[in-house]
file run.txt (compact mmCIF, C-alpha atoms and all ligand atoms)
# COMPACT_ATOMS: atom_id res chain seq x y z
CA MET A 1 13.98 18.51 -14.46
CA ASN A 2 11.82 16.38 -16.76
CA GLU A 3 14.53 13.73 -16.78
CA LEU A 4 14.87 13.85 -13.00
CA PHE A 5 11.17 13.08 -12.56
CA SER A 6 10.98 10.53 -15.37
CA LEU A 7 10.44 6.80 -14.78
CA LYS A 8 11.02 6.03 -18.46
CA ASP A 9 11.10 2.26 -19.08
CA LYS A 10 11.40 1.45 -15.38
CA VAL A 11 9.71 -1.87 -14.58
CA ILE A 12 7.79 -1.33 -11.35
CA VAL A 13 5.68 -3.97 -9.56
CA ILE A 14 2.62 -2.73 -7.64
CA THR A 15 0.71 -5.02 -5.27
CA GLY A 16 -3.01 -4.50 -4.68
CA ALA A 17 -3.05 -2.63 -7.97
CA ALA A 18 -6.79 -3.05 -8.59
CA GLY A 19 -7.68 -1.06 -5.47
CA LEU A 20 -8.46 2.60 -4.92
CA LEU A 21 -4.86 3.77 -4.45
CA GLY A 22 -3.13 0.93 -6.36
CA ARG A 23 -4.71 2.22 -9.59
CA GLN A 24 -3.47 5.71 -8.79
CA HIS A 25 0.09 4.44 -8.20
CA ALA A 26 -0.02 2.55 -11.52
CA ASP A 27 -1.39 5.59 -13.36
CA ALA A 28 1.34 7.80 -11.86
CA ILE A 29 4.09 5.36 -12.89
CA ALA A 30 2.72 5.04 -16.43
CA SER A 31 2.28 8.80 -16.77
CA ALA A 32 5.99 9.20 -15.94
CA GLY A 33 6.90 6.72 -18.71
CA GLY A 34 7.37 3.67 -16.48
CA ILE A 35 6.12 0.11 -17.06
CA PRO A 36 3.65 -0.66 -14.26
CA ILE A 37 3.24 -4.35 -13.42
CA LEU A 38 -0.14 -4.60 -11.75
CA LEU A 39 -0.71 -7.47 -9.27
CA ASP A 40 -3.95 -8.28 -7.51
CA LEU A 41 -6.09 -11.22 -6.38
CA TYR A 42 -8.25 -11.24 -9.52
CA LYS A 43 -7.10 -11.29 -13.11
CA GLU A 44 -9.78 -9.29 -14.89
CA PRO A 45 -9.51 -5.93 -13.11
CA VAL A 46 -5.70 -5.72 -13.40
CA GLU A 47 -5.65 -6.88 -17.02
CA GLU A 48 -8.37 -4.38 -17.94
CA TYR A 49 -6.72 -1.52 -16.10
CA ALA A 50 -3.33 -2.34 -17.65
CA LYS A 51 -5.01 -1.97 -21.08
CA VAL A 52 -6.45 1.40 -20.05
CA LEU A 53 -2.95 2.59 -19.09
CA GLN A 54 -1.40 1.22 -22.30
CA GLU A 55 -3.86 3.23 -24.35
CA LYS A 56 -3.70 6.35 -22.19
CA TYR A 57 0.10 6.60 -21.98
CA GLY A 58 1.48 4.28 -24.69
CA VAL A 59 3.48 2.22 -22.19
CA ARG A 60 3.81 -1.58 -21.75
CA ALA A 61 1.56 -1.93 -18.68
CA ILE A 62 0.68 -5.52 -17.72
CA GLY A 63 -1.56 -7.16 -15.12
CA PHE A 64 -1.14 -10.46 -13.28
CA GLN A 65 -3.26 -12.43 -10.84
CA VAL A 66 -0.99 -12.97 -7.84
CA ASN A 67 -2.00 -13.66 -4.25
CA ILE A 68 0.85 -12.11 -2.28
CA THR A 69 0.31 -14.47 0.65
CA LYS A 70 1.38 -17.40 -1.56
CA GLU A 71 5.14 -17.67 -1.89
CA GLU A 72 4.96 -19.99 -4.94
CA GLU A 73 2.77 -17.55 -6.88
CA ILE A 74 5.20 -14.71 -6.18
CA ARG A 75 8.23 -16.79 -7.12
CA ALA A 76 6.65 -17.85 -10.44
CA ASN A 77 5.46 -14.33 -11.25
CA CYS A 78 8.88 -12.84 -10.48
CA THR A 79 10.50 -15.30 -12.90
CA GLU A 80 7.93 -14.44 -15.58
CA ILE A 81 8.50 -10.69 -15.21
CA VAL A 82 12.28 -11.07 -15.46
CA GLN A 83 11.91 -13.32 -18.52
CA THR A 84 9.62 -10.76 -20.16
CA PHE A 85 11.29 -7.48 -19.23
CA GLY A 86 14.83 -8.52 -18.35
CA ARG A 87 14.87 -6.84 -14.95
CA ILE A 88 12.84 -5.21 -12.16
CA ASP A 89 13.50 -1.59 -11.13
CA GLY A 90 10.93 -0.98 -8.43
CA LEU A 91 8.35 -2.45 -6.05
CA VAL A 92 5.39 -0.75 -4.38
CA ASN A 93 4.18 -2.78 -1.39
CA ASN A 94 0.65 -1.41 -1.42
CA ALA A 95 -1.76 -4.33 -0.83
CA ALA A 96 -3.47 -4.59 2.53
CA ASN A 97 -6.71 -5.90 3.92
CA ASN A 98 -9.21 -3.28 4.73
CA PRO A 99 -9.84 -4.99 8.10
CA LYS A 100 -13.24 -6.61 7.97
CA VAL A 101 -15.63 -6.01 10.80
CA GLU A 102 -18.04 -8.88 11.38
CA GLU A 103 -21.09 -7.69 13.24
CA SER A 104 -23.30 -9.70 15.55
CA SER A 105 -26.12 -8.69 17.84
CA ASP A 106 -24.16 -9.13 21.05
CA LYS A 107 -20.55 -8.43 20.07
CA ASN A 108 -18.53 -6.15 17.86
CA PHE A 109 -15.71 -8.16 16.35
CA SER A 110 -13.51 -5.14 15.64
CA ARG A 111 -12.93 -4.75 19.40
CA LEU A 112 -9.66 -6.10 20.74
CA GLU A 113 -11.35 -8.31 23.35
CA ASN A 114 -13.45 -9.95 20.60
CA PHE A 115 -10.95 -9.80 17.74
CA GLN A 116 -10.64 -13.22 16.18
CA PHE A 117 -7.23 -14.80 15.79
CA HIS A 118 -7.93 -15.92 12.20
CA VAL A 119 -8.69 -12.31 11.22
CA TRP A 120 -5.46 -11.15 12.90
CA ASN A 121 -3.57 -13.81 10.93
CA ASP A 122 -5.28 -12.89 7.63
CA ASP A 123 -4.61 -9.17 8.01
CA LEU A 124 -0.95 -9.71 8.91
CA ALA A 125 -0.57 -12.26 6.10
CA VAL A 126 -1.50 -9.70 3.43
CA GLY A 127 -0.18 -6.40 4.80
CA LEU A 128 3.02 -7.54 6.45
CA SER A 129 3.99 -11.08 5.39
CA GLY A 130 2.96 -10.20 1.82
CA ALA A 131 5.29 -7.19 1.83
CA PHE A 132 8.09 -9.39 3.20
CA LEU A 133 7.55 -12.05 0.51
CA CYS A 134 7.40 -9.48 -2.30
CA SER A 135 10.60 -7.87 -1.00
CA LYS A 136 12.21 -11.31 -0.84
CA TYR A 137 11.58 -12.02 -4.56
CA TYR A 138 10.99 -8.74 -6.43
CA GLY A 139 13.33 -6.84 -4.06
CA PHE A 140 16.09 -9.39 -4.55
CA GLU A 141 15.69 -9.01 -8.33
CA ILE A 142 16.05 -5.23 -7.93
CA SER A 143 19.28 -5.85 -6.00
CA LYS A 144 20.64 -7.77 -9.03
CA ASN A 145 19.86 -4.84 -11.32
CA PRO A 146 23.19 -3.07 -12.03
CA LYS A 147 21.48 0.30 -11.53
CA GLY A 148 19.72 -0.76 -8.32
CA GLY A 149 16.21 0.59 -7.77
CA CYS A 150 13.62 1.39 -5.18
CA ILE A 151 11.13 -0.25 -2.84
CA LEU A 152 8.23 1.87 -1.65
CA ASN A 153 6.10 0.70 1.28
CA ILE A 154 2.62 2.13 1.70
CA SER A 155 2.12 2.57 5.43
CA SER A 156 -0.43 5.02 6.87
CA ASP A 157 -0.78 7.95 9.25
CA LEU A 158 -1.93 5.17 11.59
CA GLY A 159 1.54 3.64 11.31
CA ILE A 160 2.73 6.68 13.25
CA ILE A 161 -0.18 7.67 15.48
CA ALA A 162 -2.78 5.60 17.29
CA PRO A 163 -6.31 5.57 15.91
CA ASP A 164 -8.59 7.95 17.75
CA GLN A 165 -11.31 5.44 18.58
CA ARG A 166 -13.75 8.27 19.39
CA LEU A 167 -14.04 8.73 15.61
CA TYR A 168 -15.72 5.36 15.18
CA GLN A 169 -18.13 5.56 18.14
CA LYS A 170 -21.84 5.20 17.49
CA PRO A 171 -24.13 7.08 19.88
CA GLY A 172 -26.40 4.97 22.07
CA LEU A 173 -24.52 1.67 21.73
CA PRO A 174 -23.17 -0.17 24.79
CA GLU A 175 -19.38 -0.50 24.97
CA GLU A 176 -19.28 -4.11 23.76
CA LEU A 177 -21.05 -3.09 20.54
CA GLN A 178 -18.98 0.02 19.82
CA PRO A 179 -16.88 -0.37 16.64
CA VAL A 180 -13.18 0.46 16.70
CA LYS A 181 -10.35 0.62 14.16
CA PRO A 182 -8.96 -2.92 14.36
CA VAL A 183 -5.63 -3.54 16.08
CA THR A 184 -4.23 -5.20 12.95
CA TYR A 185 -4.23 -1.94 11.01
CA SER A 186 -1.88 -0.26 13.50
CA VAL A 187 0.34 -3.35 13.75
CA VAL A 188 0.64 -3.86 9.96
CA LYS A 189 1.33 -0.19 9.26
CA ALA A 190 3.91 0.18 12.07
CA GLY A 191 5.47 -3.12 10.96
CA LEU A 192 5.96 -1.74 7.45
CA ILE A 193 7.99 1.11 8.93
CA GLY A 194 10.30 -1.47 10.55
CA LEU A 195 10.55 -3.34 7.24
CA THR A 196 11.40 -0.04 5.50
CA ARG A 197 14.32 0.68 7.84
CA TYR A 198 15.58 -2.91 7.55
CA LEU A 199 15.47 -2.88 3.74
CA ALA A 200 17.00 0.61 3.53
CA THR A 201 20.24 -0.81 4.88
CA TYR A 202 20.04 -4.37 3.56
CA TRP A 203 20.75 -3.81 -0.15
CA ALA A 204 22.07 -0.24 0.16
CA ASP A 205 25.43 -1.38 -1.23
CA LYS A 206 23.53 -2.49 -4.37
CA ASN A 207 21.87 0.93 -4.63
CA VAL A 208 18.45 -0.36 -3.58
CA ARG A 209 16.68 2.39 -1.67
CA CYS A 210 13.62 1.75 0.49
CA ASN A 211 11.23 4.42 1.74
CA ALA A 212 7.71 4.51 3.17
CA ILE A 213 4.76 6.80 2.61
CA CYS A 214 2.30 7.37 5.45
CA PRO A 215 -0.83 8.58 3.69
CA GLY A 216 -3.80 10.03 5.51
CA GLY A 217 -7.35 8.87 4.82
CA VAL A 218 -8.77 9.34 1.33
CA GLU A 219 -12.24 10.81 0.89
CA ASN A 220 -14.40 8.00 -0.42
CA ASN A 221 -18.10 8.44 0.41
CA GLN A 222 -17.63 8.25 4.20
CA ASN A 223 -20.66 9.28 6.23
CA PRO A 224 -20.97 13.03 6.93
CA GLU A 225 -20.68 12.70 10.72
CA PHE A 226 -17.39 10.78 10.39
CA MET A 227 -16.12 13.32 7.84
CA LYS A 228 -16.88 16.21 10.16
CA GLU A 229 -15.06 14.56 13.06
CA VAL A 230 -12.03 13.36 11.11
CA THR A 231 -11.47 16.62 9.23
CA SER A 232 -11.53 18.52 12.54
CA ARG A 233 -8.41 16.51 13.46
CA ILE A 234 -6.54 17.41 10.25
CA PRO A 235 -4.82 20.82 10.08
CA LEU A 236 -5.62 21.20 6.35
CA GLY A 237 -9.28 20.62 7.30
CA ARG A 238 -10.01 17.91 4.73
CA MET A 239 -9.31 14.31 3.77
CA ALA A 240 -7.07 13.50 0.78
CA ASN A 241 -8.24 13.20 -2.81
CA LYS A 242 -7.33 9.82 -4.25
CA ASP A 243 -4.88 11.35 -6.76
CA GLU A 244 -2.95 13.39 -4.19
CA TYR A 245 -0.22 10.79 -3.61
CA LYS A 246 0.75 10.45 -7.26
CA GLY A 247 3.45 13.13 -7.20
CA LEU A 248 5.04 11.63 -4.11
CA VAL A 249 5.04 8.12 -5.60
CA VAL A 250 6.78 9.26 -8.79
CA PHE A 251 9.24 11.38 -6.82
CA LEU A 252 10.23 8.58 -4.43
CA LEU A 253 10.50 5.89 -7.12
CA GLY A 254 12.73 7.88 -9.43
CA ASP A 255 16.15 9.48 -9.60
CA SER A 256 14.54 12.60 -8.12
CA ALA A 257 14.85 10.86 -4.73
CA SER A 258 18.25 9.24 -5.37
CA TYR A 259 19.55 10.23 -1.92
CA MET A 260 16.36 9.35 -0.01
CA ASN A 261 16.67 6.04 1.79
CA GLY A 262 14.91 4.85 4.95
CA ALA A 263 12.65 7.91 4.94
CA ILE A 264 9.19 7.68 6.49
CA VAL A 265 7.29 10.37 4.63
CA SER A 266 4.01 11.67 6.04
CA ALA A 267 1.39 12.89 3.59
CA ASP A 268 -1.60 13.37 5.86
CA GLY A 269 -2.63 17.02 5.73
CA GLY A 270 -0.73 17.45 9.00
CA ARG A 271 -2.87 15.03 11.02
CA SER A 272 0.09 13.34 12.69
CA VAL A 273 1.60 16.62 13.90
CA TRP A 274 -1.48 17.77 15.79
N1 LIG B 301 -7.55 4.54 1.23
C1 LIG B 301 -7.06 5.17 2.28
O1 LIG B 301 -7.70 6.08 2.85
C2 LIG B 301 -5.70 4.83 2.79
C3 LIG B 301 -5.10 5.66 3.74
C4 LIG B 301 -3.83 5.33 4.22
C5 LIG B 301 -3.19 4.19 3.77
N2 LIG B 301 -3.82 3.39 2.86
C6 LIG B 301 -3.13 2.20 2.43
O2 LIG B 301 -2.97 2.25 1.02
C7 LIG B 301 -3.01 0.94 0.49
C8 LIG B 301 -4.09 0.86 -0.59
O3 LIG B 301 -5.32 1.23 -0.01
P1 LIG B 301 -6.67 1.22 -0.85
O4 LIG B 301 -7.57 2.19 -0.20
O5 LIG B 301 -6.38 1.34 -2.29
O6 LIG B 301 -7.21 -0.24 -0.52
P2 LIG B 301 -8.16 -1.16 -1.40
O7 LIG B 301 -8.86 -2.05 -0.42
O8 LIG B 301 -8.99 -0.33 -2.34
O9 LIG B 301 -7.14 -2.00 -2.26
C9 LIG B 301 -6.37 -3.03 -1.74
C10 LIG B 301 -6.14 -4.03 -2.87
O10 LIG B 301 -5.31 -5.08 -2.37
C11 LIG B 301 -5.77 -6.29 -2.94
N3 LIG B 301 -5.36 -7.44 -2.14
C12 LIG B 301 -5.86 -7.85 -0.94
N4 LIG B 301 -5.28 -9.00 -0.56
C13 LIG B 301 -4.38 -9.32 -1.53
C14 LIG B 301 -3.51 -10.42 -1.73
N5 LIG B 301 -3.44 -11.41 -0.84
N6 LIG B 301 -2.77 -10.45 -2.84
C15 LIG B 301 -2.83 -9.46 -3.78
N7 LIG B 301 -3.67 -8.38 -3.64
C16 LIG B 301 -4.43 -8.34 -2.55
C17 LIG B 301 -7.29 -6.14 -2.97
O11 LIG B 301 -7.89 -7.04 -3.89
C18 LIG B 301 -7.45 -4.67 -3.37
O12 LIG B 301 -7.55 -4.52 -4.77
C19 LIG B 301 -3.27 0.01 1.67
O13 LIG B 301 -2.04 -0.48 2.16
C20 LIG B 301 -3.92 0.93 2.68
O14 LIG B 301 -3.78 0.47 4.00
C21 LIG B 301 -5.05 3.68 2.36

call {"tool": "encode", "arguments": {"input": "run.txt", "output": "structure tokens"}}
result
Amino acid sequence: MNELFSLKDKVIVITGAAGLLGRQHADAIASAGGIPILLDLYKEPVEEYAKVLQEKYGVRAIGFQVNITKEEEIRANCTEIVQTFGRIDGLVNNAANNPKVEESSDKNFSRLENFQFHVWNDDLAVGLSGAFLCSKYYGFEISKNPKGGCILNISSDLGIIAPDQRLYQKPGLPEELQPVKPVTYSVVKAGLIGLTRYLATYWADKNVRCNAICPGGVENNQNPEFMKEVTSRIPLGRMANKDEYKGLVVFLLGDSASYMNGAIVSADGGRSVW
């Protein structure tokens, strides 16, 4: 069993690795003996966190500054990883914009009718085009690996269900000022499910599997009113802890999931079945 759930010496690229869940994915991979390659927009946080993982688990973790919307940066980084480690075994497409909501006194810019085209383009560039570009380079490298490997896309419960906009309503505000979950979040997360199915068949003959996780919201100092409302929509009655996806990440990346391909795995406390 230990061997089945081991990622020993597997070189696994994680995008958005300086974020809340990216760090958890990297920690999970390192704890299973893998070599996490941490990518994010800024150098310092990924380099520092890679050092933390090296010391904690005695693995060769490494951090790189890579903007996943820039094809040249990805191409160069992919070459550097292959030169350093000889191969790539896995990719976690995790980076996404947390859609920004610009406020003004007469409009709420999260609303569809006010949503700005440049914000739509930025959100899709990171969450969806970034995942495509990383699959194009790191995924292609995995396909050249004689053993194959695995791509894991981080979607969301909101890749499967629509956001319940009542959760974001603020009492007393007129409709045009009411905040909503931006349209880009649903589109990016549903798009990743399409990418997952495409990739699950594309390099299947090279033993490259591709699966998606649809995590529910992680508890992270949200306001009490929101917490009360959101947890009432989750059968388990609570949001996730940030470390609750680690087991699933290790399981799906390793030989433990060798026959899982094209799976869209919900991990949302049951929210999407209610
Ligand atoms: N946190 C949650 O509750 C939750 C729930 C469901 C799904 N998810 C998904 O999990 C993933 C991680 O979420 P999180 O909460 O850790 O988000 P986060 O905002 O904490 O981290 C995202 C990271 O991506 C990086 N990033 C942004 N643009 C980038 C770019 N162009 N190139 C490289 N890196 C870039 C950011 O710098 C940041 O470190 C996201 O895809 C998110 O949608 C999160």

call {"tool": "residues_around", "arguments": {"input": "run.txt", "residues": "A:Pro179", "least_positions_apart": "3", "cutoff": "10 Å", "atoms": "only C-alpha atoms", "output": "list in words"}}
result
Val101, Glu103, Lys107, Asn108, Phe109, Ser110, Arg111, Gln165, Arg166, Leu167, Tyr168, Gln169, Lys170, Leu173, Glu175, Glu176 and Pro182 of chain A

call {"tool": "write_last_selection", "arguments": {"input": "run.txt", "atoms": "C-alpha atoms", "output": "PDB file, in the coordinates of the input"}}
result
ATOM      1  CA  VAL A 101     -15.630  -6.010  10.800  1.00  0.00           C
ATOM      2  CA  GLU A 103     -21.090  -7.690  13.240  1.00  0.00           C
ATOM      3  CA  LYS A 107     -20.550  -8.430  20.070  1.00  0.00           C
ATOM      4  CA  ASN A 108     -18.530  -6.150  17.860  1.00  0.00           C
ATOM      5  CA  PHE A 109     -15.710  -8.160  16.350  1.00  0.00           C
ATOM      6  CA  SER A 110     -13.510  -5.140  15.640  1.00  0.00           C
ATOM      7  CA  ARG A 111     -12.930  -4.750  19.400  1.00  0.00           C
ATOM      8  CA  GLN A 165     -11.310   5.440  18.580  1.00  0.00           C
ATOM      9  CA  ARG A 166     -13.750   8.270  19.390  1.00  0.00           C
ATOM     10  CA  LEU A 167     -14.040   8.730  15.610  1.00  0.00           C
ATOM     11  CA  TYR A 168     -15.720   5.360  15.180  1.00  0.00           C
ATOM     12  CA  GLN A 169     -18.130   5.560  18.140  1.00  0.00           C
ATOM     13  CA  LYS A 170     -21.840   5.200  17.490  1.00  0.00           C
ATOM     14  CA  LEU A 173     -24.520   1.670  21.730  1.00  0.00           C
ATOM     15  CA  GLU A 175     -19.380  -0.500  24.970  1.00  0.00           C
ATOM     16  CA  GLU A 176     -19.280  -4.110  23.760  1.00  0.00           C
ATOM     17  CA  PRO A 182      -8.960  -2.920  14.360  1.00  0.00           C
TER      18      PRO A 182
END

call {"tool": "closest_residue", "arguments": {"input": "run.txt", "among": "A:Leu53, A:Val119, A:Ala162, A:Ile154", "to": "ligand LIG 301 (chain B)", "atoms": "all atoms listed in the file"}}
result
A:Ile154

call {"tool": "residues_near_ligand", "arguments": {"input": "run.txt", "ligand": "ligand LIG 301 (chain B)", "cutoff": "6 Å", "atoms": "only C-alpha atoms and all ligand atoms", "output": "mmCIF file with C-alpha atoms, in the coordinates of the input"}}
result
data_model
loop_
_atom_site.group_PDB
_atom_site.id
_atom_site.type_symbol
_atom_site.label_atom_id
_atom_site.label_comp_id
_atom_site.auth_asym_id
_atom_site.auth_seq_id
_atom_site.Cartn_x
_atom_site.Cartn_y
_atom_site.Cartn_z
ATOM 1 C CA THR A 15 0.710 -5.020 -5.270
ATOM 2 C CA GLY A 16 -3.010 -4.500 -4.680
ATOM 3 C CA ALA A 17 -3.050 -2.630 -7.970
ATOM 4 C CA ALA A 18 -6.790 -3.050 -8.590
ATOM 5 C CA GLY A 19 -7.680 -1.060 -5.470
ATOM 6 C CA LEU A 20 -8.460 2.600 -4.920
ATOM 7 C CA LEU A 21 -4.860 3.770 -4.450
ATOM 8 C CA GLY A 22 -3.130 0.930 -6.360
ATOM 9 C CA ASP A 40 -3.950 -8.280 -7.510
ATOM 10 C CA LEU A 41 -6.090 -11.220 -6.380
ATOM 11 C CA VAL A 66 -0.990 -12.970 -7.840
ATOM 12 C CA ASN A 67 -2.000 -13.660 -4.250
ATOM 13 C CA ILE A 68 0.850 -12.110 -2.280
ATOM 14 C CA THR A 69 0.310 -14.470 0.650
ATOM 15 C CA ASN A 94 0.650 -1.410 -1.420
ATOM 16 C CA ALA A 95 -1.760 -4.330 -0.830
ATOM 17 C CA ALA A 96 -3.470 -4.590 2.530
ATOM 18 C CA ASN A 97 -6.710 -5.900 3.920
ATOM 19 C CA ASN A 98 -9.210 -3.280 4.730
ATOM 20 C CA VAL A 126 -1.500 -9.700 3.430
ATOM 21 C CA ILE A 154 2.620 2.130 1.700
ATOM 22 C CA SER A 155 2.120 2.570 5.430
ATOM 23 C CA SER A 156 -0.430 5.020 6.870
ATOM 24 C CA PRO A 215 -0.830 8.580 3.690
ATOM 25 C CA GLY A 216 -3.800 10.030 5.510
ATOM 26 C CA GLY A 217 -7.350 8.870 4.820
ATOM 27 C CA VAL A 218 -8.770 9.340 1.330
#

call {"tool": "atom_distance", "arguments": {"input": "run.txt", "atom1": "atom CA of A:Gln24", "atom2": "atom CA of A:Glu71"}}
result
25.9 Å

call {"tool": "residues_around", "arguments": {"input": "run.txt", "residues": "A:Asp123", "least_positions_apart": "3", "cutoff": "10 Å", "atoms": "only C-alpha atoms", "output": "PyMOL selection string"}}
result
chain A and resi 96-100+117-120+126-130+182-185+187-188

call {"tool": "residues_around", "arguments": {"input": "run.txt", "residues": "A:Ile151", "least_positions_apart": "4", "cutoff": "8 Å", "atoms": "only C-alpha atoms", "output": "PyMOL selection string"}}
result
chain A and resi 90-93+135+139+208-211+253

call {"tool": "closest_residue", "arguments": {"input": "run.txt", "among": "A:Gln178, A:Ser6, A:Tyr57, A:Met239", "to": "A:Glu113", "atoms": "only C-alpha atoms"}}
result
A:Gln178

call {"tool": "atom_distance", "arguments": {"input": "run.txt", "atom1": "atom CA of A:Ala200", "atom2": "atom CA of A:Gly262"}}
result
4.9 Å

call {"tool": "atom_distance", "arguments": {"input": "run.txt", "atom1": "atom CA of A:Ile14", "atom2": "atom CA of A:Leu39"}}
result
6.0 Å

call {"tool": "closest_residue", "arguments": {"input": "run.txt", "among": "A:Asp243, A:Asp122, A:Glu225, A:Glu141", "to": "A:Arg75", "atoms": "all atoms listed in the file"}}
result
A:Glu141

call {"tool": "closest_residue", "arguments": {"input": "run.txt", "among": "A:Phe64, A:Phe85, A:Tyr245, A:Trp274", "to": "A:Ile35", "atoms": "only C-alpha atoms"}}
result
A:Phe85

call {"tool": "closest_residue", "arguments": {"input": "run.txt", "among": "A:Ile142, A:Leu152, A:Ile193, A:Ala240", "to": "A:Asn207", "atoms": "all atoms listed in the file"}}
result
A:Ile142

call {"tool": "closest_residue", "arguments": {"input": "run.txt", "among": "A:Val11, A:Ala204, A:Val59, A:Met1", "to": "A:Gly86", "atoms": "all atoms listed in the file"}}
result
A:Val11

call {"tool": "residues_near_point", "arguments": {"input": "run.txt", "point": "(10.8, 9.5, 1.8)", "cutoff": "6 Å", "atoms": "all atoms listed in the file", "output": "list in words"}}
result
Asn211, Met260, Ala263, Ile264 and Val265 of chain A

call {"tool": "residues_around", "arguments": {"input": "run.txt", "residues": "A:Tyr42", "least_positions_apart": "3", "cutoff": "8 Å", "atoms": "all atoms listed in the file", "output": "NGL selection string"}}
result
:A and (45-46 or 65-66)
